[in-house]
file upload28.csv (CSV, C-alpha atoms and all ligand atoms)
chain,number,residue,atom,x,y,z
A,1,MET,CA,-54.3,167.0,12.5
A,2,ASN,CA,-56.7,170.0,12.7
A,3,GLU,CA,-58.5,170.3,16.0
A,4,ARG,CA,-61.2,167.7,16.3
A,5,PRO,CA,-64.8,168.9,16.9
A,6,VAL,CA,-66.2,167.9,20.3
A,7,ASN,CA,-68.5,165.0,19.4
A,8,PHE,CA,-71.9,164.9,21.0
A,9,SER,CA,-73.3,162.4,18.6
A,10,ALA,CA,-75.9,159.9,20.1
A,11,GLY,CA,-74.4,156.9,18.2
A,12,PRO,CA,-72.3,155.7,16.6
A,13,ALA,CA,-70.5,158.0,19.1
A,14,ILE,CA,-67.3,159.3,20.5
A,15,LEU,CA,-64.5,156.9,21.3
A,16,PRO,CA,-61.4,157.8,23.3
A,17,LEU,CA,-58.7,159.2,21.0
A,18,GLU,CA,-56.1,156.9,22.4
A,19,VAL,CA,-58.3,153.9,21.4
A,20,LEU,CA,-58.8,155.3,17.9
A,21,GLU,CA,-55.0,155.8,17.5
A,22,GLU,CA,-54.2,152.3,18.7
A,23,ALA,CA,-57.0,150.8,16.5
A,24,SER,CA,-55.7,152.8,13.5
A,25,ARG,CA,-52.2,151.4,13.9
A,26,SER,CA,-53.7,147.8,14.1
A,27,VAL,CA,-55.6,148.3,10.9
A,28,VAL,CA,-52.2,148.4,9.2
A,29,ALA,CA,-50.4,145.9,11.4
A,30,LEU,CA,-51.2,144.3,14.7
A,31,GLU,CA,-48.3,144.6,17.1
A,32,GLY,CA,-46.3,141.4,17.1
A,33,VAL,CA,-48.3,139.9,14.2
A,34,GLY,CA,-47.4,142.2,11.3
A,35,LEU,CA,-50.8,141.7,9.6
A,36,SER,CA,-53.9,143.9,9.8
A,37,ILE,CA,-56.6,143.2,12.4
A,38,LEU,CA,-58.9,143.2,9.4
A,39,GLU,CA,-57.1,140.4,7.6
A,40,ILE,CA,-56.4,137.7,10.1
A,41,SER,CA,-58.5,134.6,10.7
A,42,HIS,CA,-60.9,134.6,13.7
A,43,ARG,CA,-59.5,131.1,14.4
A,44,SER,CA,-55.9,132.4,14.6
A,45,PRO,CA,-54.2,132.5,18.0
A,46,PRO,CA,-53.8,136.3,17.8
A,47,PHE,CA,-57.5,136.8,17.4
A,48,GLU,CA,-58.4,134.1,20.0
A,49,ALA,CA,-56.3,136.2,22.4
A,50,ILE,CA,-58.1,139.4,21.3
A,51,ILE,CA,-61.6,138.0,21.9
A,52,ALA,CA,-60.6,136.4,25.2
A,53,ALA,CA,-59.1,139.7,26.4
A,54,ALA,CA,-62.3,141.6,25.3
A,55,ARG,CA,-64.4,139.1,27.2
A,56,GLU,CA,-62.2,139.4,30.3
A,57,GLY,CA,-62.3,143.2,30.0
A,58,ILE,CA,-66.1,143.2,30.1
A,59,ARG,CA,-66.0,140.7,33.0
A,60,THR,CA,-63.6,143.0,35.0
A,61,ALA,CA,-65.4,146.2,34.2
A,62,LEU,CA,-68.8,145.0,35.3
A,63,GLU,CA,-67.6,142.4,37.8
A,64,VAL,CA,-69.6,139.8,35.8
A,65,PRO,CA,-70.1,136.7,38.1
A,66,ASP,CA,-69.3,133.2,37.0
A,67,THR,CA,-73.0,132.5,36.7
A,68,HIS,CA,-73.2,134.6,33.6
A,69,ASP,CA,-71.7,134.3,30.1
A,70,VAL,CA,-70.5,137.2,28.0
A,71,LEU,CA,-71.4,136.9,24.3
A,72,PHE,CA,-70.5,139.0,21.2
A,73,LEU,CA,-73.4,138.9,18.7
A,74,GLN,CA,-74.5,140.8,15.7
A,75,GLY,CA,-77.7,142.6,14.4
A,76,GLY,CA,-77.5,145.4,17.0
A,77,ALA,CA,-79.9,145.9,19.9
A,78,ARG,CA,-82.7,145.5,17.4
A,79,ALA,CA,-81.8,141.8,16.9
A,80,GLN,CA,-82.0,141.4,20.6
A,81,PHE,CA,-85.6,142.8,20.5
A,82,ALA,CA,-86.4,139.6,18.6
A,83,GLN,CA,-83.8,137.1,20.0
A,84,VAL,CA,-84.9,137.6,23.6
A,85,PRO,CA,-88.6,136.5,22.9
A,86,LEU,CA,-87.5,133.9,20.4
A,87,ASN,CA,-85.5,132.2,23.2
A,88,PHE,CA,-87.6,132.8,26.2
A,89,LEU,CA,-91.2,133.6,25.3
A,90,ARG,CA,-93.1,130.3,25.2
A,91,SER,CA,-96.8,129.8,24.6
A,92,GLY,CA,-98.7,130.0,27.8
A,93,THR,CA,-96.4,132.7,29.1
A,94,SER,CA,-96.2,136.4,28.5
A,95,ALA,CA,-93.5,139.0,28.4
A,96,ALA,CA,-93.9,142.3,30.3
A,97,TYR,CA,-92.4,145.5,29.0
A,98,VAL,CA,-91.7,148.8,30.8
A,99,ASN,CA,-92.2,151.4,28.1
A,100,THR,CA,-89.9,154.3,28.6
A,101,GLY,CA,-89.8,155.6,25.0
A,102,ALA,CA,-89.0,154.7,21.5
A,103,TRP,CA,-86.6,151.8,21.9
A,104,SER,CA,-88.8,149.9,24.5
A,105,ALA,CA,-91.7,150.4,22.2
A,106,TYR,CA,-89.9,148.8,19.3
A,107,ALA,CA,-88.8,145.9,21.6
A,108,VAL,CA,-92.4,145.1,22.7
A,109,GLU,CA,-93.6,145.3,19.1
A,110,GLU,CA,-91.1,142.7,18.0
A,111,ALA,CA,-91.9,140.4,20.9
A,112,ALA,CA,-95.6,140.7,20.2
A,113,ARG,CA,-95.0,139.2,16.8
A,114,LEU,CA,-93.8,136.0,18.5
A,115,GLY,CA,-96.1,135.6,21.5
A,116,THR,CA,-98.0,137.5,24.2
A,117,ALA,CA,-96.1,140.7,25.1
A,118,ALA,CA,-97.5,144.0,26.4
A,119,ASP,CA,-96.5,147.1,28.2
A,120,VAL,CA,-97.1,146.9,32.0
A,121,ALA,CA,-96.1,150.4,32.7
A,122,SER,CA,-95.6,153.4,30.3
A,123,GLY,CA,-94.3,156.9,30.4
A,124,GLU,CA,-96.4,157.8,27.4
A,125,SER,CA,-98.8,160.1,29.2
A,126,SER,CA,-95.9,162.4,30.0
A,127,ALA,CA,-94.5,162.1,26.4
A,128,PHE,CA,-91.7,160.0,28.0
A,129,SER,CA,-90.3,163.0,29.9
A,130,ARG,CA,-90.7,160.9,33.1
A,131,LEU,CA,-90.1,157.3,34.1
A,132,PRO,CA,-93.2,155.4,34.9
A,133,ASP,CA,-93.9,154.3,38.5
A,134,VAL,CA,-93.2,150.5,38.7
A,135,SER,CA,-93.4,150.1,42.4
A,136,ASP,CA,-96.8,148.3,42.4
A,137,LEU,CA,-96.0,145.9,39.6
A,138,ARG,CA,-96.4,142.2,40.6
A,139,PHE,CA,-95.8,139.3,38.3
A,140,GLY,CA,-96.9,135.6,38.4
A,141,ALA,CA,-95.0,132.5,37.4
A,142,ASP,CA,-96.4,132.8,33.8
A,143,THR,CA,-94.4,136.0,33.2
A,144,ALA,CA,-91.5,134.8,31.1
A,145,TYR,CA,-89.5,138.0,31.8
A,146,VAL,CA,-89.8,141.8,32.4
A,147,HIS,CA,-87.9,144.0,30.0
A,148,THR,CA,-86.6,147.4,30.8
A,149,THR,CA,-84.4,150.0,29.1
A,150,SER,CA,-81.9,151.5,31.5
A,151,ASN,CA,-81.2,154.7,29.6
A,152,ASN,CA,-83.5,156.3,27.1
A,153,THR,CA,-81.2,157.7,24.5
A,154,ILE,CA,-83.9,159.7,22.7
A,155,TYR,CA,-85.8,161.2,25.6
A,156,GLY,CA,-83.0,161.7,28.0
A,157,THR,CA,-84.3,159.7,31.0
A,158,GLN,CA,-82.4,157.1,32.9
A,159,TRP,CA,-83.1,154.8,35.8
A,160,GLN,CA,-80.7,155.8,38.5
A,161,GLU,CA,-81.7,152.6,40.3
A,162,LEU,CA,-83.1,149.9,38.0
A,163,PRO,CA,-86.3,148.4,39.4
A,164,ASP,CA,-86.2,145.1,41.2
A,165,PHE,CA,-88.7,142.5,40.1
A,166,GLY,CA,-87.7,139.8,42.6
A,167,GLU,CA,-87.8,136.3,41.2
A,168,THR,CA,-89.2,137.4,37.8
A,169,PRO,CA,-86.5,137.3,35.2
A,170,HIS,CA,-85.3,140.8,34.3
A,171,VAL,CA,-83.9,141.6,30.9
A,172,CYS,CA,-82.4,145.0,30.3
A,173,ASP,CA,-81.4,146.9,27.2
A,174,MET,CA,-78.3,148.9,28.4
A,175,SER,CA,-77.3,150.0,24.9
A,176,SER,CA,-76.7,153.6,25.8
A,177,ASP,CA,-75.3,153.4,29.4
A,178,ILE,CA,-73.4,150.1,29.7
A,179,PHE,CA,-70.0,150.8,31.4
A,180,SER,CA,-71.2,154.2,32.6
A,181,ARG,CA,-71.6,153.0,36.2
A,182,PRO,CA,-71.4,149.9,38.3
A,183,VAL,CA,-74.2,147.3,37.8
A,184,ASP,CA,-75.1,144.4,39.9
A,185,VAL,CA,-75.1,141.9,37.0
A,186,SER,CA,-76.4,139.1,39.2
A,187,ARG,CA,-79.8,140.9,39.4
A,188,PHE,CA,-80.4,140.4,35.6
A,189,LYS,CA,-81.0,137.3,33.6
A,190,LEU,CA,-79.9,139.0,30.5
A,191,ILE,CA,-78.3,142.4,29.6
A,192,TYR,CA,-77.7,143.5,26.1
A,193,ALA,CA,-76.1,146.5,24.5
A,194,GLY,CA,-75.4,147.6,20.9
A,195,ALA,CA,-71.7,148.6,21.3
A,196,GLN,CA,-71.9,151.8,19.3
A,197,LYS,CA,-73.0,154.2,22.0
A,198,ASN,CA,-70.7,153.6,24.9
A,199,ALA,CA,-68.7,150.5,24.3
A,200,GLY,CA,-67.1,150.5,20.8
A,201,PRO,CA,-67.9,150.7,17.1
A,202,ALA,CA,-71.1,149.6,15.4
A,203,GLY,CA,-71.3,146.0,14.4
A,204,VAL,CA,-71.1,144.1,17.7
A,205,THR,CA,-73.8,143.6,20.4
A,206,LEU,CA,-72.7,142.7,23.9
A,207,VAL,CA,-74.9,140.1,25.7
A,208,ILE,CA,-74.4,139.1,29.3
A,209,VAL,CA,-76.7,136.1,30.1
A,210,ASP,CA,-77.4,133.9,33.1
A,211,LYS,CA,-76.2,130.5,32.1
A,212,ALA,CA,-78.9,128.6,34.0
A,213,TRP,CA,-81.6,130.7,32.4
A,214,MET,CA,-80.0,130.2,29.0
A,215,ALA,CA,-80.2,126.5,29.5
A,216,GLN,CA,-84.0,126.8,29.9
A,217,ALA,CA,-84.4,128.6,26.5
A,218,ARG,CA,-86.3,127.1,23.6
A,219,GLU,CA,-84.4,124.6,21.5
A,220,ASP,CA,-86.9,124.5,18.6
A,221,ILE,CA,-85.6,127.6,16.9
A,222,PRO,CA,-82.8,128.0,14.3
A,223,ALA,CA,-79.4,127.4,15.8
A,224,ILE,CA,-78.1,130.8,14.8
A,225,TRP,CA,-80.7,132.5,17.1
A,226,ARG,CA,-80.0,130.4,20.1
A,227,TYR,CA,-77.9,132.1,22.8
A,228,ALA,CA,-76.7,128.6,23.8
A,229,THR,CA,-75.2,128.0,20.3
A,230,HIS,CA,-73.0,131.1,20.6
A,231,ALA,CA,-72.1,130.4,24.2
A,232,ALA,CA,-71.0,126.9,23.3
A,233,LYS,CA,-68.7,128.3,20.5
A,234,ASP,CA,-67.3,131.2,22.5
A,235,SER,CA,-69.1,133.6,20.2
A,236,MET,CA,-67.4,132.1,17.1
A,237,TYR,CA,-70.2,130.0,15.7
A,238,ASN,CA,-70.2,132.2,12.7
A,239,THR,CA,-67.4,134.6,11.8
A,240,PRO,CA,-67.6,137.2,14.5
A,241,PRO,CA,-67.2,141.0,13.8
A,242,THR,CA,-63.5,140.8,14.6
A,243,PHE,CA,-62.7,144.5,14.3
A,244,PRO,CA,-65.5,145.8,16.6
A,245,ILE,CA,-64.7,143.1,19.2
A,246,TYR,CA,-61.0,144.2,19.1
A,247,VAL,CA,-62.0,147.8,19.7
A,248,VAL,CA,-64.4,146.9,22.5
A,249,GLY,CA,-61.4,145.2,24.1
A,250,LEU,CA,-59.4,148.4,23.8
A,251,VAL,CA,-62.3,150.4,25.3
A,252,THR,CA,-62.4,148.0,28.3
A,253,GLN,CA,-58.6,148.6,28.8
A,254,TRP,CA,-59.2,152.3,28.6
A,255,ILE,CA,-62.0,152.0,31.3
A,256,GLU,CA,-59.5,150.2,33.5
A,257,ARG,CA,-56.9,152.9,33.1
A,258,GLN,CA,-59.6,155.5,34.1
A,259,GLY,CA,-60.0,153.6,37.4
A,260,GLY,CA,-63.0,151.4,36.4
A,261,VAL,CA,-66.7,152.1,36.1
A,262,GLU,CA,-67.0,153.6,39.6
A,263,ARG,CA,-64.6,156.4,38.8
A,264,ILE,CA,-66.2,156.8,35.4
A,265,ALA,CA,-69.6,157.1,37.1
A,266,GLU,CA,-68.3,159.9,39.2
A,267,ASN,CA,-67.0,161.7,36.1
A,268,ASN,CA,-70.3,161.2,34.4
A,269,GLU,CA,-72.2,162.8,37.3
A,270,ARG,CA,-69.9,165.8,37.1
A,271,LYS,CA,-70.2,166.1,33.4
A,272,ALA,CA,-74.0,165.8,33.3
A,273,GLY,CA,-74.3,168.3,36.3
A,274,LEU,CA,-72.5,171.0,34.3
A,275,ILE,CA,-75.0,170.8,31.4
A,276,TYR,CA,-78.1,170.5,33.6
A,277,ASP,CA,-76.8,173.6,35.6
A,278,ALA,CA,-76.3,175.5,32.3
A,279,ILE,CA,-79.9,174.7,31.3
A,280,ALA,CA,-81.2,175.8,34.7
A,281,ALA,CA,-79.1,179.0,34.6
A,282,SER,CA,-81.1,180.7,31.8
A,283,ALA,CA,-84.8,181.1,30.8
A,284,VAL,CA,-83.7,180.7,27.2
A,285,TRP,CA,-83.6,176.9,27.9
A,286,GLU,CA,-86.1,174.4,29.1
A,287,CYS,CA,-85.0,170.9,30.3
A,288,ALA,CA,-86.9,168.1,28.6
A,289,VAL,CA,-86.8,166.0,31.8
A,290,GLU,CA,-87.8,168.0,34.8
A,291,GLU,CA,-87.4,165.4,37.6
A,292,PRO,CA,-83.7,165.4,38.5
A,293,SER,CA,-83.8,161.7,39.6
A,294,HIS,CA,-85.0,160.8,36.1
A,295,GLN,CA,-82.4,162.8,34.2
A,296,SER,CA,-80.0,160.8,32.1
A,297,ARG,CA,-76.2,161.2,32.7
A,298,MET,CA,-75.6,160.0,29.2
A,299,ASN,CA,-78.0,162.0,26.9
A,300,VAL,CA,-79.1,165.4,28.1
A,301,ALA,CA,-82.2,166.5,26.3
A,302,TRP,CA,-83.4,170.1,26.4
A,303,ARG,CA,-85.2,172.8,24.3
A,304,THR,CA,-85.1,176.5,23.6
A,305,ARG,CA,-88.3,178.2,24.8
A,306,ASP,CA,-88.3,180.0,21.5
A,307,PRO,CA,-88.3,177.0,19.1
A,308,GLU,CA,-86.6,179.2,16.4
A,309,LEU,CA,-83.5,179.4,18.5
A,310,ALA,CA,-82.7,175.7,18.5
A,311,PRO,CA,-81.5,175.4,14.9
A,312,ARG,CA,-79.5,178.6,15.3
A,313,PHE,CA,-77.9,177.1,18.4
A,314,VAL,CA,-77.0,173.9,16.6
A,315,ALA,CA,-75.5,175.8,13.7
A,316,GLU,CA,-73.5,178.3,15.8
A,317,ALA,CA,-72.3,175.5,18.1
A,318,ALA,CA,-71.0,173.6,15.1
A,319,GLN,CA,-69.1,176.7,14.0
A,320,ALA,CA,-67.6,176.7,17.5
A,321,GLY,CA,-66.5,173.1,17.1
A,322,LEU,CA,-69.3,171.5,19.0
A,323,SER,CA,-70.8,168.8,16.8
A,324,GLY,CA,-74.0,166.7,17.0
A,325,LEU,CA,-76.3,168.7,19.3
A,326,LYS,CA,-79.5,168.4,17.3
A,327,GLY,CA,-82.3,166.6,19.2
A,328,HIS,CA,-83.7,163.3,17.9
A,329,ARG,CA,-86.3,163.8,15.1
A,330,LYS,CA,-89.0,162.3,17.4
A,331,VAL,CA,-88.6,165.0,20.0
A,332,GLY,CA,-86.8,167.9,18.3
A,333,GLY,CA,-84.9,170.4,20.4
A,334,LEU,CA,-81.4,169.7,21.5
A,335,ARG,CA,-79.5,166.8,22.9
A,336,ALA,CA,-75.9,166.4,24.1
A,337,SER,CA,-74.8,162.8,24.3
A,338,ILE,CA,-71.9,162.7,26.8
A,339,TYR,CA,-70.8,159.1,26.9
A,340,ASN,CA,-67.9,157.8,28.9
A,341,ALA,CA,-65.3,159.0,26.3
A,342,MET,CA,-66.5,162.6,26.4
A,343,PRO,CA,-63.8,164.5,28.4
A,344,LEU,CA,-64.8,167.0,31.1
A,345,SER,CA,-63.2,169.7,29.0
A,346,GLY,CA,-65.6,169.0,26.1
A,347,VAL,CA,-68.6,169.4,28.5
A,348,GLU,CA,-67.1,172.6,29.9
A,349,LYS,CA,-66.8,173.9,26.4
A,350,LEU,CA,-70.4,173.2,25.7
A,351,ALA,CA,-71.6,174.7,29.1
A,352,ASN,CA,-69.6,177.9,28.4
A,353,PHE,CA,-71.0,178.1,24.9
A,354,MET,CA,-74.5,177.7,26.2
A,355,ASP,CA,-74.0,180.5,28.7
A,356,GLN,CA,-72.7,182.9,26.0
A,357,PHE,CA,-75.5,181.9,23.6
A,358,ALA,CA,-78.1,182.4,26.3
A,359,ARG,CA,-76.8,185.9,27.2
A,360,ARG,CA,-76.8,186.9,23.5
A,361,ASN,CA,-80.4,185.7,23.0
A,362,SER,CA,-82.2,186.7,26.2
B,1,LIG,C1,-79.5,152.9,19.9
B,1,LIG,C2,-80.3,152.1,20.7
B,1,LIG,C3,-80.9,150.9,20.2
B,1,LIG,C4,-80.8,150.5,18.8
B,1,LIG,O1,-79.6,149.9,18.6
B,1,LIG,P1,-79.2,149.2,17.2
B,1,LIG,O2,-77.9,148.6,17.5
B,1,LIG,O3,-79.2,150.2,16.1
B,1,LIG,O4,-80.2,148.1,16.9
B,1,LIG,C5,-81.7,150.2,21.1
B,1,LIG,N1,-81.8,150.5,22.4
B,1,LIG,C6,-81.3,151.6,22.9
B,1,LIG,C7,-81.5,152.0,24.3
B,1,LIG,C8,-80.5,152.4,22.1
B,1,LIG,O5,-79.9,153.5,22.6
call {"tool": "encode", "arguments": {"input": "upload28.csv", "output": "structure tokens"}}
result
Amino acid sequence: MNERPVNFSAGPAILPLEVLEEASRSVVALEGVGLSILEISHRSPPFEAIIAAAREGIRTALEVPDTHDVLFLQGGARAQFAQVPLNFLRSGTSAAYVNTGAWSAYAVEEAARLGTAADVASGESSAFSRLPDVSDLRFGADTAYVHTTSNNTIYGTQWQELPDFGETPHVCDMSSDIFSRPVDVSRFKLIYAGAQKNAGPAGVTLVIVDKAWMAQAREDIPAIWRYATHAAKDSMYNTPPTFPIYVVGLVTQWIERQGGVERIAENNERKAGLIYDAIAASAVWECAVEEPSHQSRMNVAWRTRDPELAPRFVAEAAQAGLSGLKGHRKVGGLRASIYNAMPLSGVEKLANFMDQFARRNS
């Protein structure tokens, strides 16, 4: 095979090569089964073992306590924007959203179609280059839940420590940083993540939900939208996305071989540090997120002070085998998504290329 470009895509995103290789073999024939992962029944013993292993892999990686269920759903994170309020936003209650950029804004919009939902804090005044201060927020018993987004894929901000809202149920969209660091799952009533950023291929959404909270959810909604329906059927109420679930299982095994999410978090710190250092090293660049404690370890967003340099950087980087560095169309500029599967060597290659480019253009 020709040398693969280093893949900085925001999502669907990089997967470990050894996962791709094993998955590609299983597309032809699963070991010990002889048939493709794509052509076996979800009710067959081999697939039952696969989904159980994937669930266990997630439980191990995040030390998910017995109080919480792990579900494999569909419709991406966007379906969760609707499913959370469908289940938990009742009349007479309201949902509180912390707006840290595009995805949180879509989430509150969807909730507001179903009930009372509003932003209680927003980074909008800083064009989402900073996380809002949430230390003074207090909620009453009529707050159904508070919703946060742990990592803001588009703007490049990330909560290094997620806020604590005490007794108020906390729901968190972890689509772009799940498995990137340890999480105290017991602090959350519900965590969801579209798999395609840091956990596997597109097509499956991971949901970790507090069982007692799930039991209090609305029952007067279609069965397909109730979390309890899927939990009761071990995520096989309808035909689950078998292949994405299989690959998520491989990713959790890979995480374990790396030494777990703690070791991965250390690597992620080092990787992000190299790029933030490269940005700080030259006046050609300008970091999109100035406050170091708000800077994402997953998606580094930056600009060229001369806007005309950005497209040239993207084109020349692609020539050098560095793919996917264009910023999101909402913010422009540049973005390097450096999820778990990005090796240190890939980040070093980018940092070196940035240094050379800056020297040539300053
Ligand atoms: C990508 C992303 C989404 C959207 O995910 P879909 O699976 O396409 O619905 C939502 N939230 C965050 C934080 C994301 O990064």
call {"tool": "atom_distance", "arguments": {"input": "upload28.csv", "atom1": "atom CA of A:Ala217", "atom2": "atom CA of A:Asn87"}}
result
5.0 Å
call {"tool": "closest_residue", "arguments": {"input": "upload28.csv", "among": "A:Ile51, A:Ile154, A:Ala141, A:Val251", "to": "A:Thr100", "atoms": "all atoms listed in the file"}}
result
A:Ile154
call {"tool": "closest_atom_pairs", "arguments": {"input": "upload28.csv", "of": "stretch 78-168 of chain A", "to": "stretch 293-314 of chain A", "cutoff": "6 Å", "atoms": "only C-alpha atoms", "output": "tab-separated table"}}
result
residue	atom	partner	partner_atom	distance
A:Thr153	CA	A:Asn299	CA	5.9
A:Gly156	CA	A:Asn299	CA	5.1
A:Thr157	CA	A:Ser296	CA	4.6
A:Gln158	CA	A:Ser296	CA	4.5
call {"tool": "residues_near_ligand", "arguments": {"input": "upload28.csv", "ligand": "ligand LIG 1 (chain B)", "cutoff": "10 Å", "atoms": "all atoms listed in the file", "output": "ChimeraX atom specification"}}
result
/A:10-12,74-81,100-107,148-154,172-178,192-198,202-205,299
call {"tool": "atom_distance", "arguments": {"input": "upload28.csv", "atom1": "atom CA of A:Cys287", "atom2": "atom CA of A:Val6"}}
result
21.5 Å
call {"tool": "residues_around", "arguments": {"input": "upload28.csv", "residues": "A:Ile40", "least_positions_apart": "6", "cutoff": "9 Å", "atoms": "only C-alpha atoms", "output": "list of chain:residue names"}}
result
A:Pro46, A:Phe47, A:Thr242
call {"tool": "axis_aligned_box", "arguments": {"input": "upload28.csv", "around": "stretch 261-266 of chain A", "padding_each_side": "6 Å", "output": "JSON"}}
result
{"center_x": -67.1, "center_y": 156.0, "center_z": 37.5, "size_x": 17.0, "size_y": 19.8, "size_z": 16.2}
call {"tool": "atom_distance", "arguments": {"input": "upload28.csv", "atom1": "atom CA of A:Leu71", "atom2": "atom CA of A:Leu250"}}
result
16.6 Å
call {"tool": "residues_around", "arguments": {"input": "upload28.csv", "residues": "stretch 272-281 of chain A", "least_positions_apart": "6", "cutoff": "12 Å", "atoms": "all atoms listed in the file", "output": "PDB file with C-alpha atoms, keeping the file's coordinate frame"}}
result
ATOM      1  CA  GLY A 156     -83.000 161.700  28.000  1.00  0.00           C
ATOM      2  CA  SER A 180     -71.200 154.200  32.600  1.00  0.00           C
ATOM      3  CA  ALA A 265     -69.600 157.100  37.100  1.00  0.00           C
ATOM      4  CA  GLU A 266     -68.300 159.900  39.200  1.00  0.00           C
ATOM      5  CA  CYS A 287     -85.000 170.900  30.300  1.00  0.00           C
ATOM      6  CA  ALA A 288     -86.900 168.100  28.600  1.00  0.00           C
ATOM      7  CA  VAL A 289     -86.800 166.000  31.800  1.00  0.00           C
ATOM      8  CA  GLU A 290     -87.800 168.000  34.800  1.00  0.00           C
ATOM      9  CA  GLU A 291     -87.400 165.400  37.600  1.00  0.00           C
ATOM     10  CA  PRO A 292     -83.700 165.400  38.500  1.00  0.00           C
ATOM     11  CA  GLN A 295     -82.400 162.800  34.200  1.00  0.00           C
ATOM     12  CA  SER A 296     -80.000 160.800  32.100  1.00  0.00           C
ATOM     13  CA  ARG A 297     -76.200 161.200  32.700  1.00  0.00           C
ATOM     14  CA  MET A 298     -75.600 160.000  29.200  1.00  0.00           C
ATOM     15  CA  ASN A 299     -78.000 162.000  26.900  1.00  0.00           C
ATOM     16  CA  VAL A 300     -79.100 165.400  28.100  1.00  0.00           C
ATOM     17  CA  ALA A 301     -82.200 166.500  26.300  1.00  0.00           C
ATOM     18  CA  TRP A 302     -83.400 170.100  26.400  1.00  0.00           C
ATOM     19  CA  ARG A 303     -85.200 172.800  24.300  1.00  0.00           C
ATOM     20  CA  THR A 304     -85.100 176.500  23.600  1.00  0.00           C
ATOM     21  CA  ARG A 305     -88.300 178.200  24.800  1.00  0.00           C
ATOM     22  CA  LEU A 334     -81.400 169.700  21.500  1.00  0.00           C
ATOM     23  CA  ARG A 335     -79.500 166.800  22.900  1.00  0.00           C
ATOM     24  CA  ALA A 336     -75.900 166.400  24.100  1.00  0.00           C
ATOM     25  CA  SER A 337     -74.800 162.800  24.300  1.00  0.00           C
ATOM     26  CA  ILE A 338     -71.900 162.700  26.800  1.00  0.00           C
ATOM     27  CA  TYR A 339     -70.800 159.100  26.900  1.00  0.00           C
ATOM     28  CA  ASN A 340     -67.900 157.800  28.900  1.00  0.00           C
ATOM     29  CA  MET A 342     -66.500 162.600  26.400  1.00  0.00           C
ATOM     30  CA  PRO A 343     -63.800 164.500  28.400  1.00  0.00           C
ATOM     31  CA  LEU A 344     -64.800 167.000  31.100  1.00  0.00           C
ATOM     32  CA  SER A 345     -63.200 169.700  29.000  1.00  0.00           C
ATOM     33  CA  GLY A 346     -65.600 169.000  26.100  1.00  0.00           C
ATOM     34  CA  VAL A 347     -68.600 169.400  28.500  1.00  0.00           C
ATOM     35  CA  GLU A 348     -67.100 172.600  29.900  1.00  0.00           C
ATOM     36  CA  LYS A 349     -66.800 173.900  26.400  1.00  0.00           C
ATOM     37  CA  LEU A 350     -70.400 173.200  25.700  1.00  0.00           C
ATOM     38  CA  ALA A 351     -71.600 174.700  29.100  1.00  0.00           C
ATOM     39  CA  ASN A 352     -69.600 177.900  28.400  1.00  0.00           C
ATOM     40  CA  PHE A 353     -71.000 178.100  24.900  1.00  0.00           C
ATOM     41  CA  MET A 354     -74.500 177.700  26.200  1.00  0.00           C
ATOM     42  CA  ASP A 355     -74.000 180.500  28.700  1.00  0.00           C
ATOM     43  CA  GLN A 356     -72.700 182.900  26.000  1.00  0.00           C
ATOM     44  CA  PHE A 357     -75.500 181.900  23.600  1.00  0.00           C
ATOM     45  CA  ALA A 358     -78.100 182.400  26.300  1.00  0.00           C
ATOM     46  CA  ARG A 359     -76.800 185.900  27.200  1.00  0.00           C
ATOM     47  CA  SER A 362     -82.200 186.700  26.200  1.00  0.00           C
TER      48      SER A 362
END
call {"tool": "closest_residue", "arguments": {"input": "upload28.csv", "among": "A:Leu162, A:Gln216, A:Asn361, A:Arg130", "to": "A:Ser282", "atoms": "all atoms listed in the file"}}
result
A:Asn361
call {"tool": "residues_around", "arguments": {"input": "upload28.csv", "residues": "A:Val171", "least_positions_apart": "5", "cutoff": "9 Å", "atoms": "only C-alpha atoms", "output": "list in words"}}
result
Val84, Tyr145, Val146, His147, Thr148, Thr149, Phe188, Lys189, Leu190, Ile191 and Tyr192 of chain A
call {"tool": "write_last_selection", "arguments": {"input": "upload28.csv", "atoms": "C-alpha atoms", "output": "JSON list (two decimals), in the frame of the given file"}}
result
[["chain", "number", "residue", "atom", "x", "y", "z"],
["A", 84, "VAL", "CA", -84.90, 137.60, 23.60],
["A", 145, "TYR", "CA", -89.50, 138.00, 31.80],
["A", 146, "VAL", "CA", -89.80, 141.80, 32.40],
["A", 147, "HIS", "CA", -87.90, 144.00, 30.00],
["A", 148, "THR", "CA", -86.60, 147.40, 30.80],
["A", 149, "THR", "CA", -84.40, 150.00, 29.10],
["A", 188, "PHE", "CA", -80.40, 140.40, 35.60],
["A", 189, "LYS", "CA", -81.00, 137.30, 33.60],
["A", 190, "LEU", "CA", -79.90, 139.00, 30.50],
["A", 191, "ILE", "CA", -78.30, 142.40, 29.60],
["A", 192, "TYR", "CA", -77.70, 143.50, 26.10]]
call {"tool": "residues_around", "arguments": {"input": "upload28.csv", "residues": "A:Leu62", "least_positions_apart": "3", "cutoff": "12 Å", "atoms": "only C-alpha atoms", "output": "MDAnalysis selection string"}}
result
chainID A and resid 55:59 65:66 68 70 178:186 191 208 252 255:256 260:262
call {"tool": "closest_residue", "arguments": {"input": "upload28.csv", "among": "A:Leu206, A:Ala315, A:Val248, A:Met236", "to": "A:Leu15", "atoms": "only C-alpha atoms"}}
result
A:Val248
call {"tool": "closest_residue", "arguments": {"input": "upload28.csv", "among": "A:Ala23, A:Ala231, A:Leu325, A:Ile245", "to": "A:Ala49", "atoms": "all atoms listed in the file"}}
result
A:Ile245
